[in-house]
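Reviewing the structure listed below.
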Amino acid sequence: MFGICSTLTEDPDAYPTFRLWTVASDGETVLAMLMTPPFNLLVGQPADPAALQFAATRLMEQSIVLPGVTGALPEVDAFAECWQRLSGTSRRLRMAQGIYAVRTVRLPPAVEGGMRFANTDDRALIVEWFEAFAAESLPEGAAHHEAEDVVDRRLRSSGGFALWEDREIVSLSGFGGQTPHGIRIGPVYTPPPLRRRGYASALVAHLSQHLLGGGRDYCFLYTDLGNPTSNRIYMDVGYELVCESADYAFE
């Protein structure tokens, strides 16, 4: 016997408003889902796979509008199939993603320059590069966070940005989204004229090593599986594939 609970939360250090659903069975939570409108529903790994169909049915009964769903395989496929049957919509794969994690970093060979952490003086450049990253890397049709809002929240929170400098700033990596044991890396961006010089690899490696040295058990990140270059860069510094994920749009 399942039951579902919904919580609407406002967190000024995260996103303006997000909604959390939990499904319980016999007093134990077996599924969690999160949505920050207008972005996709995020589906966690269920302790009981039957909870996915129950959750989809209850969201439909509550007249919840879902632009899409994102999650690891196979649970994202199971939820999407249920939602398609209930809503009569179709789904389109916007991005096949890989989730990687690292516990021990392999620093790349010497790369010119060094890492430093960003401050408010770097805000304008970070906003510009954040927008460039979104235009180049995010799925077509996906809703985007306002770059200025994201950058400002990161700069005043426990997350932030690290920069690689080689006489000038040449690469950027964000970090944040702490979990009890890990922390997320991203976005990672190097302007096209400065690529293939090892800057992004060096930055991600040194940033990950710093965060692990500060007490995180692991760092994790998301990649576009359709971009073999970025996947190879992360694996070269010690990241290992944990699972595959999918970003679907409902149409």
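Going by the structure tokens order, chains are called A, B, ..., each with residues numbered from 1, while ligands are numbered from 1 in the order shown.
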Select from region 172-246 of chain A every residue with an atom at most 9 Å from any atom of region 84-96 of chain A, then for each give the shortest pair of atoms and their distance in Å to one decimal, using only C-alpha atoms, rows by chain and rising number, as a tab-separated table.
```
residue	atom	partner	partner_atom	distance
A:Thr223	CA	A:Ala96	CA	8.5
A:Asp224	CA	A:Ala96	CA	6.1
A:Leu225	CA	A:Ala96	CA	5.6
A:Gly226	CA	A:Ala96	CA	7.0
A:Glu244	CA	A:Ala96	CA	7.4
A:Ser245	CA	A:Ala96	CA	6.1
A:Ala246	CA	A:Ala96	CA	4.8
```
So that I can see what lies close to Thr179 (chain A), please list as number ranges by chain the residues with an atom at most 12 Å from it, counting only C-alpha atoms and leaving out residues fewer than 6 positions away in the same chain.
A: 158-159, 215-220
Residues just named, written with N, CA and C atoms as an mmCIF file, in the first residue's frame:
```cif
data_model
loop_
_atom_site.group_PDB
_atom_site.id
_atom_site.type_symbol
_atom_site.label_atom_id
_atom_site.label_comp_id
_atom_site.auth_asym_id
_atom_site.auth_seq_id
_atom_site.Cartn_x
_atom_site.Cartn_y
_atom_site.Cartn_z
ATOM 1 N N SER A 158 27.652 27.814 -0.546
ATOM 2 C CA SER A 158 28.769 26.904 -0.278
ATOM 3 C C SER A 158 29.394 26.389 -1.561
ATOM 4 N N GLY A 159 28.716 26.576 -2.704
ATOM 5 C CA GLY A 159 29.299 26.225 -3.988
ATOM 6 C C GLY A 159 30.069 27.411 -4.546
ATOM 7 N N GLY A 215 37.239 16.888 2.509
ATOM 8 C CA GLY A 215 36.354 15.998 3.245
ATOM 9 C C GLY A 215 35.268 15.313 2.441
ATOM 10 N N ARG A 216 35.127 15.652 1.151
ATOM 11 C CA ARG A 216 34.134 14.955 0.332
ATOM 12 C C ARG A 216 34.630 13.537 0.031
ATOM 13 N N ASP A 217 33.720 12.581 0.086
ATOM 14 C CA ASP A 217 34.089 11.206 -0.256
ATOM 15 C C ASP A 217 34.293 11.040 -1.762
ATOM 16 N N TYR A 218 33.542 11.794 -2.539
ATOM 17 C CA TYR A 218 33.660 11.713 -3.993
ATOM 18 C C TYR A 218 33.131 12.997 -4.613
ATOM 19 N N CYS A 219 33.540 13.240 -5.863
ATOM 20 C CA CYS A 219 32.962 14.296 -6.697
ATOM 21 C C CYS A 219 32.237 13.604 -7.839
ATOM 22 N N PHE A 220 31.170 14.232 -8.331
ATOM 23 C CA PHE A 220 30.425 13.622 -9.427
ATOM 24 C C PHE A 220 30.051 14.684 -10.445
#
```
If we count only C-alpha atoms and set the cut-off at 10 Å, which residues sit around region 102-112 of chain A, ignoring sequence neighbours fewer than 4 positions away in its own chain? Please answer as a count of residues only.
36
Please return, as a ChimeraX atom specification, all residues of region 14-243 of chain A that DSSP assigns to strand (DSSP E or B) on the basis of the backbone.
/A:18-25,28-35,41-43,68-72,91-102,114-117,160-165,169-176,182-189,218-224,240-243
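Minimum atom-to-atom distance to Leu194 (chain A), evaluated using only C-alpha atoms, belongs to A:Leu172 out of A:Ala118, A:Leu172, A:Val30, A:Ala134.
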